[in-house]
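In what follows, a single structure is set out as structure tokens and then discussed.
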Amino acid sequence: MPDPYTASRTAGARIGALYGRPVAELAADAVPGSMRYALLTSFEALQYADRAVTFHAEQLHRLTHPDRAIEFVDVGHISDATRRLAHAVTVRDSHAQVLGDVLNSLVRVTDATSPASAEPQALAAVPAPPPVAPIEPVRSR
């Protein structure tokens with residue numbers, strides 16, 4: 001069976017690489033409202049979703065084990081376990097997609113206090129004024 005925690009492990013490694021510290025250290029001093037806090041909250045939701053997928057897959061496996069006799073009463077439980085597993089996989093994939101997209105849009109910046117980046121940069125050109133719509137003459141009847 002493939003590793004059920006691949007999505008959250010990959011995201012955790014990417015968050016750690018982005019900030020240059022392990023996720024556990026980052027979580028210790030995360031400030032609500034910051035990008036780091038949002039990433040860590042999304043990461044926790046992804047971990048929870050990974051655990052839910054594992055739980056529901058194990059539940060379905062237990063209900064459909066080859067050595068177990070399936071009775072009529074079990075059909076509803078199997079159907080429910082299948083539905084819950086499908087929902088958990090969808091939630092996990094959604095969290096992984098969103099967190100992955102956000103992490104792809106972020107890059108680790110070098111030291112922001114370097115002399116080159118401390119100087120304000122002048123604009124290369126003044127933005128052009130917005131185009132003016134031509135005025136048509138008013139026609140009389």
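By order in the structure tokens, chains are A, B, ...; within a chain, residues start at 1; ligands start at 1, following the order shown.
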
Within 12 Å of range 3-10 of chain A using only C-alpha atoms, minus same-chain residues under 6 positions, as a PyMOL selection string: chain A and resi 16-17+22-23+39-40+42-58+88-89+91-100+103

Atoms kept (N, CA and C atoms) for selection, written as a compact mmCIF listing (two decimals), in the first residue's frame:
```
# COMPACT_ATOMS: atom_id res chain seq x y z
N GLY A 16 8.86 23.81 5.45
CA GLY A 16 10.14 23.90 6.17
C GLY A 16 11.24 24.47 5.29
N ALA A 17 11.30 24.07 4.04
CA ALA A 17 12.31 24.58 3.12
C ALA A 17 12.08 26.06 2.81
N PRO A 22 12.30 23.74 10.69
CA PRO A 22 11.30 22.67 10.75
C PRO A 22 9.91 23.23 11.09
N VAL A 23 8.89 22.53 10.65
CA VAL A 23 7.51 22.97 10.85
C VAL A 23 7.18 23.12 12.34
N LEU A 39 -0.39 29.15 6.29
CA LEU A 39 0.21 27.93 5.74
C LEU A 39 0.18 26.79 6.76
N LEU A 40 0.50 27.09 8.00
CA LEU A 40 0.52 26.05 9.03
C LEU A 40 -0.90 25.55 9.33
N SER A 42 -3.37 25.46 7.14
CA SER A 42 -3.70 24.61 5.99
C SER A 42 -2.96 23.27 6.08
N PHE A 43 -1.74 23.31 6.54
CA PHE A 43 -0.95 22.09 6.70
C PHE A 43 -1.59 21.16 7.74
N GLU A 44 -2.07 21.72 8.84
CA GLU A 44 -2.75 20.91 9.85
C GLU A 44 -4.03 20.30 9.29
N ALA A 45 -4.76 21.06 8.50
CA ALA A 45 -5.99 20.53 7.88
C ALA A 45 -5.65 19.39 6.92
N LEU A 46 -4.55 19.52 6.21
CA LEU A 46 -4.11 18.45 5.30
C LEU A 46 -3.71 17.21 6.08
N GLN A 47 -3.01 17.38 7.19
CA GLN A 47 -2.65 16.24 8.03
C GLN A 47 -3.89 15.54 8.56
N TYR A 48 -4.86 16.30 9.00
CA TYR A 48 -6.11 15.73 9.50
C TYR A 48 -6.82 14.95 8.39
N ALA A 49 -6.83 15.52 7.19
CA ALA A 49 -7.46 14.84 6.05
C ALA A 49 -6.73 13.55 5.71
N ASP A 50 -5.40 13.55 5.80
CA ASP A 50 -4.63 12.32 5.57
C ASP A 50 -5.00 11.24 6.58
N ARG A 51 -5.13 11.64 7.83
CA ARG A 51 -5.52 10.68 8.87
C ARG A 51 -6.93 10.15 8.64
N ALA A 52 -7.83 11.01 8.17
CA ALA A 52 -9.21 10.58 7.89
C ALA A 52 -9.24 9.56 6.76
N VAL A 53 -8.42 9.76 5.73
CA VAL A 53 -8.36 8.79 4.63
C VAL A 53 -7.89 7.44 5.16
N THR A 54 -6.86 7.44 5.98
CA THR A 54 -6.34 6.20 6.55
C THR A 54 -7.39 5.52 7.41
N PHE A 55 -8.05 6.28 8.25
CA PHE A 55 -9.07 5.72 9.14
C PHE A 55 -10.20 5.06 8.34
N HIS A 56 -10.73 5.77 7.36
CA HIS A 56 -11.86 5.24 6.60
C HIS A 56 -11.46 4.08 5.71
N ALA A 57 -10.23 4.08 5.20
CA ALA A 57 -9.75 2.95 4.41
C ALA A 57 -9.62 1.70 5.30
N GLU A 58 -9.11 1.88 6.51
CA GLU A 58 -9.01 0.75 7.44
C GLU A 58 -10.39 0.24 7.84
N ALA A 88 -13.41 11.68 2.20
CA ALA A 88 -12.12 11.99 2.83
C ALA A 88 -11.02 12.17 1.78
N VAL A 89 -11.04 11.35 0.74
CA VAL A 89 -10.05 11.47 -0.33
C VAL A 89 -10.24 12.80 -1.08
N VAL A 91 -11.56 15.59 0.11
CA VAL A 91 -11.12 16.67 1.00
C VAL A 91 -9.61 16.74 1.04
N ARG A 92 -8.96 15.58 1.18
CA ARG A 92 -7.50 15.54 1.23
C ARG A 92 -6.90 16.09 -0.07
N ASP A 93 -7.44 15.66 -1.20
CA ASP A 93 -6.92 16.13 -2.48
C ASP A 93 -7.13 17.63 -2.66
N SER A 94 -8.25 18.14 -2.18
CA SER A 94 -8.53 19.58 -2.27
C SER A 94 -7.54 20.38 -1.43
N HIS A 95 -7.33 19.93 -0.20
CA HIS A 95 -6.35 20.61 0.67
C HIS A 95 -4.96 20.55 0.06
N ALA A 96 -4.58 19.40 -0.46
CA ALA A 96 -3.25 19.24 -1.06
C ALA A 96 -3.09 20.15 -2.27
N GLN A 97 -4.13 20.25 -3.10
CA GLN A 97 -4.06 21.09 -4.29
C GLN A 97 -3.91 22.56 -3.93
N VAL A 98 -4.74 23.04 -3.01
CA VAL A 98 -4.69 24.45 -2.63
C VAL A 98 -3.37 24.79 -1.96
N LEU A 99 -2.96 23.96 -1.01
CA LEU A 99 -1.70 24.23 -0.31
C LEU A 99 -0.53 24.14 -1.27
N GLY A 100 -0.56 23.19 -2.19
CA GLY A 100 0.50 23.08 -3.19
C GLY A 100 0.56 24.30 -4.09
N LEU A 103 2.03 27.18 -2.09
CA LEU A 103 3.47 26.99 -1.92
C LEU A 103 4.23 27.20 -3.22
```

Atom pair CA of Pro2 in chain A / CA of Leu63 in chain A: separation (Å): 20.5 Å

Residue with smallest distance to Ile78 in chain A - pool A:Leu60, A:Val102, A:Ala13, A:Val107, counting only C-alpha atoms: A:Leu60
